[in-house]
>>> print(open('upload36.cif').read())   # mmCIF, C-alpha atoms
data_coords
#
loop_
_atom_site.label_atom_id
_atom_site.label_comp_id
_atom_site.auth_asym_id
_atom_site.auth_seq_id
_atom_site.Cartn_x
_atom_site.Cartn_y
_atom_site.Cartn_z
CA MET U 1 0.00 0.00 0.00
CA GLN U 2 1.21 3.49 -0.81
CA THR U 3 0.88 6.70 1.13
CA LEU U 4 -1.27 9.48 -0.31
CA GLY U 5 -0.28 13.17 -0.60
CA GLY U 6 2.21 14.35 2.01
CA GLY U 7 4.36 11.23 2.21
CA LEU U 8 5.19 8.90 -0.69
CA GLY U 9 6.64 6.09 1.38
CA GLY U 10 9.94 6.06 -0.51
CA LEU U 11 8.40 5.29 -3.91
CA ALA U 12 9.03 7.42 -6.96
CA LEU U 13 6.18 9.80 -7.68
CA ALA U 14 5.58 8.13 -11.06
CA ASP U 15 5.19 4.75 -9.34
CA VAL U 16 2.71 6.16 -6.84
CA LEU U 17 0.67 7.80 -9.58
CA ARG U 18 0.70 4.59 -11.61
CA GLU U 19 -0.58 2.56 -8.68
CA ALA U 20 -3.19 5.19 -7.86
CA ALA U 21 -4.37 5.12 -11.47
CA ARG U 22 -4.96 1.39 -11.10
CA GLY U 23 -7.10 2.03 -8.04
CA ALA U 24 -4.64 0.50 -5.55
CA PRO U 25 -5.46 1.27 -1.89
CA LEU U 26 -3.45 4.11 -0.41
CA THR U 27 -2.38 4.50 3.20
CA PRO U 28 -4.32 7.26 5.04
CA HIS U 29 -2.51 10.13 6.72
CA PHE U 30 -3.49 8.76 10.15
CA ALA U 31 -5.52 5.91 11.60
CA PRO U 32 -9.04 6.09 10.13
CA ARG U 33 -12.22 5.66 12.13
CA ALA U 34 -14.26 4.88 9.01
CA LYS U 35 -13.51 2.97 5.81
CA HIS U 36 -16.67 3.72 3.86
CA VAL U 37 -19.28 6.44 3.38
CA ILE U 38 -22.97 6.24 2.52
CA PHE U 39 -24.27 9.72 1.72
CA LEU U 40 -28.09 9.90 1.76
CA PHE U 41 -28.73 13.04 -0.28
CA MET U 42 -32.22 14.50 0.03
CA GLY U 43 -32.24 16.66 -3.08
CA GLY U 44 -34.38 19.79 -3.01
CA GLY U 45 -33.89 20.85 0.59
CA PRO U 46 -35.81 18.99 3.33
CA SER U 47 -37.42 21.16 5.99
CA HIS U 48 -35.40 20.86 9.20
CA LEU U 49 -38.26 22.68 10.95
CA ASP U 50 -40.62 19.80 10.26
CA LEU U 51 -38.15 16.97 10.85
CA PHE U 52 -35.25 17.59 13.27
CA ASP U 53 -35.28 21.16 14.60
CA PRO U 54 -38.40 21.95 16.70
CA LYS U 55 -39.13 25.64 17.19
CA PRO U 56 -42.07 26.28 19.55
CA GLU U 57 -41.49 30.03 19.25
CA ILE U 58 -42.84 29.91 15.70
CA ALA U 59 -46.19 28.61 16.94
CA LYS U 60 -46.34 31.35 19.58
CA ARG U 61 -45.87 34.03 16.93
CA ALA U 62 -47.57 32.39 13.95
CA GLY U 63 -48.24 34.79 11.09
CA GLN U 64 -45.96 37.47 12.49
CA ARG U 65 -42.80 38.67 10.83
CA PRO U 66 -40.31 39.70 13.52
CA GLN U 67 -37.01 41.39 12.76
CA ASP U 68 -35.06 38.12 13.10
CA VAL U 69 -36.73 36.68 10.00
CA GLN U 70 -36.07 39.64 7.76
CA LEU U 71 -33.48 37.71 5.80
CA ARG U 72 -33.35 37.77 2.03
CA THR U 73 -35.01 34.75 0.41
CA GLU U 74 -35.34 33.62 -3.20
CA ARG U 75 -39.06 34.32 -3.34
CA VAL U 76 -41.57 36.55 -1.60
CA THR U 77 -42.46 35.09 1.79
CA GLY U 78 -45.06 35.88 4.42
CA GLY U 79 -45.32 35.39 8.17
CA LEU U 80 -44.06 32.65 10.46
CA LEU U 81 -45.46 29.21 9.53
CA PRO U 82 -45.63 26.72 12.45
CA SER U 83 -44.95 23.06 11.81
CA PRO U 84 -48.17 21.03 12.01
CA PHE U 85 -46.21 18.03 13.24
CA LYS U 86 -45.47 17.07 16.84
CA PHE U 87 -41.94 16.52 18.11
CA LYS U 88 -41.09 13.98 20.79
CA ALA U 89 -37.93 13.06 22.70
CA HIS U 90 -36.55 9.62 21.90
CA GLY U 91 -33.90 7.23 23.18
CA ALA U 92 -31.59 7.62 26.14
CA SER U 93 -30.31 10.85 24.58
CA GLY U 94 -33.76 12.45 24.48
CA ILE U 95 -33.24 13.94 21.03
CA GLU U 96 -36.46 15.42 19.68
CA VAL U 97 -37.60 14.14 16.28
CA SER U 98 -40.76 14.79 14.31
CA GLU U 99 -43.67 12.37 14.28
CA LEU U 100 -43.02 12.07 10.53
CA LEU U 101 -40.08 9.74 11.26
CA PRO U 102 -41.34 7.21 13.82
CA ARG U 103 -38.98 4.41 12.73
CA LEU U 104 -35.84 6.50 12.34
CA SER U 105 -36.58 8.01 15.76
CA THR U 106 -35.72 4.64 17.30
CA CYS U 107 -32.12 5.13 16.10
CA VAL U 108 -31.48 8.57 17.60
CA ASP U 109 -28.86 7.28 20.02
CA ASP U 110 -26.72 6.46 16.97
CA LEU U 111 -27.23 9.87 15.37
CA CYS U 112 -25.25 13.07 15.69
CA VAL U 113 -27.76 15.72 14.66
CA ILE U 114 -26.03 18.89 13.49
CA ARG U 115 -28.56 21.73 13.61
CA SER U 116 -26.15 24.48 12.61
CA LEU U 117 -25.13 23.79 9.01
CA HIS U 118 -24.95 26.83 6.76
CA GLY U 119 -24.25 27.24 3.06
CA VAL U 120 -23.46 30.02 0.61
CA ASN U 121 -26.20 29.95 -2.02
CA PRO U 122 -30.02 29.60 -1.96
CA ASN U 123 -30.35 28.10 -5.45
CA HIS U 124 -30.50 24.31 -5.92
CA ALA U 125 -27.69 23.62 -8.39
CA PRO U 126 -25.06 25.97 -6.90
CA ALA U 127 -25.96 24.86 -3.36
CA ALA U 128 -25.75 21.16 -4.26
CA ASN U 129 -22.49 21.74 -6.11
CA HIS U 130 -21.18 23.43 -2.98
CA LEU U 131 -22.35 20.58 -0.76
CA PHE U 132 -20.53 17.98 -2.84
CA SER U 133 -17.54 19.82 -4.31
CA GLY U 134 -16.98 22.77 -1.98
CA ARG U 135 -17.69 25.24 -4.78
CA ILE U 136 -20.78 26.47 -6.56
CA ASP U 137 -19.59 25.90 -10.14
CA GLN U 138 -19.73 22.55 -11.91
CA ILE U 139 -16.16 21.71 -12.87
CA HIS U 140 -14.81 20.52 -9.53
CA PRO U 141 -14.64 16.92 -8.25
CA SER U 142 -17.30 15.69 -5.86
CA LEU U 143 -16.74 14.44 -2.33
CA GLY U 144 -17.05 10.81 -3.44
CA ALA U 145 -14.46 11.32 -6.16
CA TRP U 146 -12.04 12.85 -3.65
CA VAL U 147 -12.55 9.89 -1.30
CA SER U 148 -12.03 7.41 -4.14
CA TYR U 149 -8.92 9.29 -5.29
CA GLY U 150 -7.52 9.64 -1.77
CA LEU U 151 -8.04 6.09 -0.55
CA GLY U 152 -8.20 3.97 -3.70
CA HIS U 153 -10.27 0.78 -3.95
CA GLU U 154 -10.63 -2.08 -1.50
CA ASN U 155 -12.20 -4.34 -4.13
CA ASP U 156 -10.73 -4.25 -7.64
CA ALA U 157 -13.77 -6.07 -9.01
CA LEU U 158 -16.12 -3.20 -8.09
CA PRO U 159 -15.95 0.58 -8.56
CA GLY U 160 -14.81 2.58 -5.57
CA PHE U 161 -17.57 5.16 -6.04
CA ILE U 162 -21.20 4.35 -6.87
CA SER U 163 -24.25 6.56 -7.47
CA ILE U 164 -27.74 5.21 -6.75
CA LYS U 165 -30.83 7.13 -7.80
CA ASN U 166 -34.24 6.68 -9.34
CA GLY U 167 -33.08 6.22 -12.92
CA ASP U 168 -30.23 4.79 -14.99
CA THR U 169 -28.01 7.88 -15.08
CA ALA U 170 -25.67 9.12 -12.39
CA SER U 171 -26.52 12.14 -10.28
CA ARG U 172 -25.23 15.50 -11.48
CA TYR U 173 -23.26 15.78 -8.25
CA VAL U 174 -20.98 12.73 -8.48
CA ARG U 175 -18.53 13.85 -11.16
CA ASN U 176 -14.79 13.27 -11.02
CA GLY U 177 -14.06 16.77 -12.38
CA TYR U 178 -10.33 17.08 -13.06
CA LEU U 179 -9.47 13.97 -11.01
CA PRO U 180 -8.60 10.79 -12.98
CA GLY U 181 -11.54 9.18 -14.77
CA GLN U 182 -11.68 6.09 -12.54
CA ASN U 183 -12.88 8.38 -9.74
CA GLN U 184 -16.16 9.06 -11.57
CA ALA U 185 -19.20 7.37 -10.01
CA THR U 186 -20.78 4.31 -11.59
CA PRO U 187 -24.59 4.69 -11.77
CA ILE U 188 -26.95 2.01 -10.45
CA ASP U 189 -30.70 1.99 -10.99
CA PRO U 190 -32.49 0.26 -8.06
CA ARG U 191 -35.98 0.31 -9.58
CA THR U 192 -35.57 -3.40 -10.23
CA ASP U 193 -34.51 -6.43 -8.18
CA VAL U 194 -32.59 -7.89 -11.15
CA ALA U 195 -28.85 -7.19 -11.02
CA ALA U 196 -28.43 -7.26 -14.81
CA ASN U 197 -30.95 -4.41 -15.10
CA MET U 198 -29.38 -2.21 -12.43
CA ILE U 199 -26.26 -1.50 -14.50
CA ARG U 200 -26.49 -1.05 -18.24
CA HIS U 201 -24.59 -3.62 -20.34
CA LEU U 202 -23.50 -5.60 -17.28
CA ARG U 203 -23.46 -8.79 -19.37
CA ASN U 204 -21.68 -9.28 -22.69
CA SER U 205 -24.34 -10.55 -25.06
CA THR U 206 -21.96 -11.67 -27.82
CA LEU U 207 -18.90 -13.25 -26.16
CA ASP U 208 -18.63 -15.95 -23.50
CA THR U 209 -16.30 -15.59 -20.51
CA ALA U 210 -13.36 -17.40 -22.09
CA ARG U 211 -13.45 -15.32 -25.28
CA GLN U 212 -13.75 -12.12 -23.27
CA ALA U 213 -10.66 -13.09 -21.27
CA GLU U 214 -8.70 -13.70 -24.46
CA GLN U 215 -9.85 -10.37 -25.87
CA LEU U 216 -8.93 -8.56 -22.67
CA ASP U 217 -5.44 -10.11 -22.61
CA PHE U 218 -4.83 -8.96 -26.17
CA LEU U 219 -6.20 -5.49 -25.43
CA ARG U 220 -4.04 -5.25 -22.32
CA THR U 221 -0.90 -5.99 -24.36
CA LEU U 222 -1.73 -3.28 -26.90
CA ASN U 223 -2.65 -0.77 -24.20
CA GLU U 224 0.60 -1.32 -22.30
CA GLN U 225 2.59 -0.63 -25.47
CA HIS U 226 0.47 2.47 -26.05
CA ARG U 227 0.91 3.65 -22.46
CA ARG U 228 4.70 3.34 -22.52
CA GLN U 229 4.71 5.88 -25.33
CA ARG U 230 2.44 8.22 -23.34
CA PRO U 231 3.59 8.25 -19.71
CA GLY U 232 1.38 10.13 -17.28
CA ASP U 233 -1.73 10.07 -19.49
CA SER U 234 -4.39 9.86 -16.76
CA ALA U 235 -7.26 9.54 -19.25
CA LEU U 236 -5.61 6.52 -20.85
CA ASN U 237 -4.89 4.95 -17.45
CA ALA U 238 -8.51 5.49 -16.42
CA ARG U 239 -9.86 3.87 -19.60
CA MET U 240 -7.58 0.85 -19.15
CA GLN U 241 -8.66 0.47 -15.54
CA ALA U 242 -12.32 0.83 -16.54
CA THR U 243 -11.95 -2.03 -19.03
CA GLU U 244 -10.43 -4.32 -16.40
CA THR U 245 -13.08 -3.41 -13.83
CA ALA U 246 -15.91 -3.82 -16.33
CA TYR U 247 -14.84 -7.40 -17.04
CA GLN U 248 -14.68 -8.31 -13.35
CA MET U 249 -17.93 -6.51 -12.58
CA GLN U 250 -19.90 -9.03 -14.65
CA PHE U 251 -19.35 -11.48 -11.82
CA ALA U 252 -18.79 -9.32 -8.73
CA ALA U 253 -21.60 -6.84 -9.41
CA GLY U 254 -24.03 -9.60 -10.20
CA ALA U 255 -23.46 -11.05 -6.74
CA ALA U 256 -23.43 -7.66 -5.01
CA LEU U 257 -26.73 -6.58 -6.56
CA ASP U 258 -28.55 -9.89 -6.18
CA LEU U 259 -31.30 -8.80 -3.82
CA ALA U 260 -33.06 -12.13 -4.27
CA SER U 261 -30.34 -13.70 -2.14
CA GLU U 262 -31.48 -11.70 0.90
CA THR U 263 -33.80 -13.32 3.41
CA ARG U 264 -37.49 -12.47 3.45
CA ALA U 265 -37.02 -10.95 6.89
CA THR U 266 -34.33 -8.58 5.61
CA ARG U 267 -36.39 -7.55 2.58
CA ALA U 268 -39.39 -6.91 4.84
CA MET U 269 -37.22 -4.86 7.21
CA TYR U 270 -36.22 -2.47 4.41
CA GLY U 271 -39.70 -2.31 2.89
CA GLU U 272 -40.70 -1.85 -0.73
CA GLY U 273 -39.86 0.67 -3.44
CA TRP U 274 -36.77 1.90 -5.23
CA PHE U 275 -35.40 3.81 -2.21
CA ALA U 276 -35.69 0.71 -0.02
CA ASN U 277 -33.84 -1.26 -2.70
CA GLY U 278 -31.25 1.51 -2.86
CA CYS U 279 -30.57 1.35 0.88
CA LEU U 280 -30.21 -2.42 0.74
CA VAL U 281 -27.91 -2.21 -2.28
CA ALA U 282 -25.82 0.39 -0.42
CA ARG U 283 -25.31 -2.01 2.48
CA ARG U 284 -24.38 -4.87 0.11
CA LEU U 285 -21.86 -2.68 -1.70
CA ILE U 286 -20.26 -1.40 1.49
CA GLU U 287 -19.77 -4.89 2.87
CA ARG U 288 -17.98 -5.77 -0.39
CA GLY U 289 -15.49 -2.93 -0.06
CA VAL U 290 -16.99 -0.06 -2.07
CA ARG U 291 -15.59 3.15 -0.59
CA TYR U 292 -18.37 5.64 -1.23
CA VAL U 293 -22.06 5.25 -2.08
CA HIS U 294 -24.16 8.27 -3.06
CA LEU U 295 -27.89 7.52 -2.65
CA GLU U 296 -30.06 10.35 -3.90
CA GLN U 297 -33.75 10.93 -3.18
CA GLY U 298 -35.17 14.07 -4.82
CA ASN U 299 -38.50 15.92 -4.56
CA TRP U 300 -37.91 17.74 -1.26
CA ASP U 301 -38.48 21.18 -2.80
CA HIS U 302 -41.74 22.11 -1.06
CA HIS U 303 -42.73 25.66 -1.98
CA GLU U 304 -46.39 24.80 -1.39
CA LYS U 305 -48.50 22.13 0.31
CA ILE U 306 -45.55 21.22 2.49
CA SER U 307 -47.64 19.49 5.16
CA SER U 308 -48.85 16.84 2.68
CA ASN U 309 -45.74 16.68 0.48
CA ILE U 310 -43.23 16.27 3.29
CA ARG U 311 -45.41 13.64 4.93
CA ARG U 312 -45.23 11.58 1.72
CA MET U 313 -41.48 12.02 1.36
CA ALA U 314 -40.75 11.19 4.99
CA ALA U 315 -42.80 8.00 4.67
CA GLU U 316 -40.65 6.92 1.73
CA ILE U 317 -37.34 7.21 3.61
CA ASP U 318 -38.30 6.42 7.22
CA GLN U 319 -38.35 2.62 7.16
CA PRO U 320 -35.46 2.07 4.70
CA ILE U 321 -33.04 4.35 6.56
CA GLN U 322 -33.92 2.81 9.91
CA ALA U 323 -33.34 -0.62 8.36
CA LEU U 324 -30.01 0.47 6.91
CA LEU U 325 -28.72 1.70 10.27
CA VAL U 326 -29.98 -1.37 12.13
CA ASP U 327 -28.63 -3.74 9.48
CA LEU U 328 -25.21 -2.12 9.44
CA LYS U 329 -25.07 -2.24 13.22
CA GLN U 330 -26.11 -5.88 13.42
CA ARG U 331 -23.43 -6.85 10.92
CA GLY U 332 -20.70 -4.89 12.71
CA LEU U 333 -20.41 -2.48 9.78
CA LEU U 334 -21.71 0.73 11.34
CA ASP U 335 -18.49 1.34 13.27
CA GLU U 336 -16.54 1.47 10.00
CA THR U 337 -19.22 3.09 7.85
CA LEU U 338 -20.04 6.78 8.05
CA VAL U 339 -23.68 7.48 7.14
CA VAL U 340 -24.51 11.09 6.25
CA TRP U 341 -28.05 12.45 5.72
CA GLY U 342 -29.10 15.86 4.43
CA GLY U 343 -29.95 18.18 1.56
CA GLU U 344 -28.29 21.17 -0.07
CA PHE U 345 -30.13 23.50 2.34
CA GLY U 346 -33.22 23.64 4.56
CA ARG U 347 -36.47 25.64 4.44
CA THR U 348 -37.59 28.97 5.80
CA PRO U 349 -39.70 29.45 8.95
CA VAL U 350 -41.77 31.99 7.02
CA SER U 351 -44.46 30.90 4.59
CA GLU U 352 -44.56 30.84 0.83
CA ASN U 353 -47.77 30.36 -1.16
CA GLY U 354 -49.63 30.09 2.12
CA ASP U 355 -48.54 26.56 3.08
CA GLY U 356 -45.03 26.22 1.67
CA ARG U 357 -41.48 27.14 2.67
CA ASP U 358 -38.75 28.79 0.58
CA HIS U 359 -35.07 27.76 0.36
CA ASN U 360 -32.94 28.45 3.42
CA HIS U 361 -29.15 28.24 3.29
CA TYR U 362 -28.65 30.34 6.45
CA GLY U 363 -29.23 27.43 8.82
CA PHE U 364 -30.29 23.80 8.38
CA THR U 365 -29.88 20.29 9.75
CA MET U 366 -27.85 17.27 8.72
CA TRP U 367 -27.04 14.15 10.68
CA LEU U 368 -24.18 11.67 10.77
CA ALA U 369 -24.05 8.15 12.20
CA GLY U 370 -21.38 5.49 12.70
CA GLY U 371 -17.84 5.77 11.41
CA GLY U 372 -16.30 7.36 14.49
CA VAL U 373 -19.08 9.87 15.20
CA LYS U 374 -20.43 10.28 18.73
CA GLY U 375 -24.08 9.24 18.58
CA GLY U 376 -26.93 10.48 20.71
CA GLN U 377 -26.01 14.16 20.54
CA VAL U 378 -27.26 17.40 19.06
CA TYR U 379 -24.57 19.80 17.92
CA GLY U 380 -25.16 23.47 17.22
CA ALA U 381 -28.37 25.43 17.03
CA THR U 382 -30.33 27.84 14.88
CA ASP U 383 -32.04 30.96 16.20
CA ASP U 384 -35.45 30.89 17.93
CA PHE U 385 -37.17 30.64 14.56
CA GLY U 386 -34.83 28.15 12.90
CA PHE U 387 -33.76 30.59 10.22
CA LYS U 388 -30.05 31.09 10.86
CA ALA U 389 -27.29 29.00 12.46
CA VAL U 390 -26.12 30.87 15.56
CA GLU U 391 -24.43 28.37 17.89
CA ASN U 392 -21.45 26.16 16.96
CA ARG U 393 -21.91 27.00 13.32
CA VAL U 394 -20.75 24.32 10.86
CA SER U 395 -19.92 25.30 7.29
CA VAL U 396 -19.98 22.89 4.36
CA HIS U 397 -16.17 23.03 4.32
CA ASP U 398 -16.17 22.06 8.01
CA LEU U 399 -18.41 19.10 7.16
CA HIS U 400 -16.03 18.01 4.40
CA ALA U 401 -12.98 18.37 6.64
CA THR U 402 -14.68 16.24 9.29
CA ILE U 403 -15.74 13.50 6.87
CA LEU U 404 -12.21 13.27 5.46
CA HIS U 405 -10.76 13.27 8.98
CA LEU U 406 -12.93 10.30 9.93
CA LEU U 407 -11.52 8.49 6.89
CA GLY U 408 -7.98 9.19 8.05
CA ILE U 409 -7.36 12.02 5.58
CA ASP U 410 -5.97 15.46 6.40
CA HIS U 411 -8.12 17.71 4.22
CA GLU U 412 -5.28 20.21 3.78
CA ARG U 413 -2.96 17.53 2.38
CA LEU U 414 -5.35 15.83 -0.04
CA THR U 415 -4.62 17.91 -3.15
CA TYR U 416 -4.57 17.57 -6.92
CA ARG U 417 -2.62 19.80 -9.27
CA TYR U 418 -4.73 21.16 -12.10
CA SER U 419 -4.37 24.18 -14.35
CA GLY U 420 -1.25 25.37 -12.59
CA ARG U 421 -2.41 25.19 -8.97
CA ASP U 422 -3.12 22.67 -6.22
CA PHE U 423 -6.83 22.15 -5.59
CA ARG U 424 -8.44 20.55 -2.57
CA LEU U 425 -12.00 19.75 -1.56
CA THR U 426 -12.09 22.35 1.22
CA ASP U 427 -10.49 25.09 -0.91
CA VAL U 428 -8.78 27.42 1.61
CA SER U 429 -10.95 26.83 4.68
CA GLY U 430 -12.58 24.09 6.74
CA GLU U 431 -12.08 22.96 10.33
CA VAL U 432 -12.64 19.47 11.73
CA VAL U 433 -15.64 19.51 14.10
CA LYS U 434 -13.85 17.63 16.89
CA ALA U 435 -16.74 17.85 19.33
CA ILE U 436 -18.77 15.31 17.36
CA LEU U 437 -16.03 12.68 17.20
CA ALA U 438 -16.37 9.58 19.34
#
>>> encode(input="upload36.cif", output="structure tokens")
Amino acid sequence: MQTLGGGLGGLALADVLREAARGAPLTPHFAPRAKHVIFLFMGGGPSHLDLFDPKPEIAKRAGQRPQDVQLRTERVTGGLLPSPFKFKAHGASGIEVSELLPRLSTCVDDLCVIRSLHGVNPNHAPAANHLFSGRIDQIHPSLGAWVSYGLGHENDALPGFISIKNGDTASRYVRNGYLPGQNQATPIDPRTDVAANMIRHLRNSTLDTARQAEQLDFLRTLNEQHRRQRPGDSALNARMQATETAYQMQFAAGAALDLASETRATRAMYGEGWFANGCLVARRLIERGVRYVHLEQGNWDHHEKISSNIRRMAAEIDQPIQALLVDLKQRGLLDETLVVWGGEFGRTPVSENGDGRDHNHYGFTMWLAGGGVKGGQVYGATDDFGFKAVENRVSVHDLHATILHLLGIDHERLTYRYSGRDFRLTDVSGEVVKAILA
């Protein structure tokens, strides 16, 4: 194993880069607490005020518009809009969670609920870009790509970075940017139980296994000759690695995605639907060594009819996420797997369209579980109305620095030279939130 940026372990830089291009595991900067990440991305901006951040003051002053809520929003908003949902303390920690999440509430003692996240932009695409790449524009690598690049692969037969969403194309927020091509996410479509239908062209319809192996050996010989004439060509290295991985994935991915091999009890625990399948697939991938799984659930953008829309969305995720946490814990995987939940921003405490909430990047909630995080705690706070983070504020760069730290990576040392300068995920800021570490 080689050492990533900051110490090359005595190997020539060219040798390190060559091994990294092949996806070989790299030694972290320090002992990691987590080996894998499952990021549950709730695209659109879930309302923290209706899920994880109770604000009784809003109910007391419903319809009013006090000075503290005179913050600029994307759209015209009205007075304070109370949540129609009850909050209740759960677990030994007594963390309050909305009635919308009765199953997930049973896992609060494993959650670190951060109520003081804040972003930089109130628009979906720039905010989501910022959440996953640390910048609002679309050219930079995503968090998963950085993790894949920094740590390499544990299982050469599977990609190190996988994107799961409702459809057969990868999320817009899982790009490799200027990192080598093998750090791009592989898309999986969990709308089916059949492995061959989750990844396009998983099976070769024209050649049997033996003929494919012969073809790959011949192609490998030609590619090696080609590569010797073009040293340092990361695009070529990535394409060669992709060919090798694609061949092995016919067998490894088929087994990893075979949901029919799960017991009836396990399938019932996760429930039905594509998101339930996605959570189960995420667990199966993690236990087979995949570094980073991005599972994306959209439709959280509730500018109107939030009371009915968020109820429907919460019902879709409640059982599967509870099952994922319980399943990981039962299998001894939660300690080494960091689970992250959240959207690109939250919602406003003031109303829009009567019964909706506008985008709110000033203060919102995310939670982390497992992977070296101290469970059963609430960190940070928003103001009395849940509009702005005011206590123990956590920026997106701080979140990134903390996630990398849990994986054994110093965020200031994980860099990639591009266009004449060294880039990193956290740009020029970011502090590890040490108070949430176990």
>>> atom_distance(input="upload36.cif", atom1="CA of Trp146 (chain U)", atom2="CA of Ser163 (chain U)")
14.3 Å
>>> residues_around(input="upload36.cif", residues="Asn121 (chain U)", least_positions_apart="3", cutoff="8 Å", atoms="only C-alpha atoms", output="ChimeraX atom specification")
/U:126-127,136,361
>>> resolve_selection(input="upload36.cif", expression="the PyMOL selection byres ((chain U and resi 335) around 12)", output="ChimeraX atom specification")
/U:32-37,110,325-334,336-339,369-375,406-407,438
>>> residues_around(input="upload36.cif", residues="Glu224 (chain U)", least_positions_apart="6", cutoff="10 Å", atoms="only C-alpha atoms", output="list of chain:residue names")
U:Arg230, U:Asn237, U:Met240
>>> resolve_selection(input="upload36.cif", expression="the PyMOL selection byres ((chain U and resi 340) around 6)", output="ChimeraX atom specification")
/U:39-40,339,341,367-368
>>> write_last_selection(input="upload36.cif", atoms="C-alpha atoms", output="PDB file, in the frame of the given file")
ATOM      1  CA  PHE U  39     -24.270   9.720   1.720  1.00  0.00           C
ATOM      2  CA  LEU U  40     -28.090   9.900   1.760  1.00  0.00           C
ATOM      3  CA  VAL U 339     -23.680   7.480   7.140  1.00  0.00           C
ATOM      4  CA  TRP U 341     -28.050  12.450   5.720  1.00  0.00           C
ATOM      5  CA  TRP U 367     -27.040  14.150  10.680  1.00  0.00           C
ATOM      6  CA  LEU U 368     -24.180  11.670  10.770  1.00  0.00           C
TER       7      LEU U 368
END
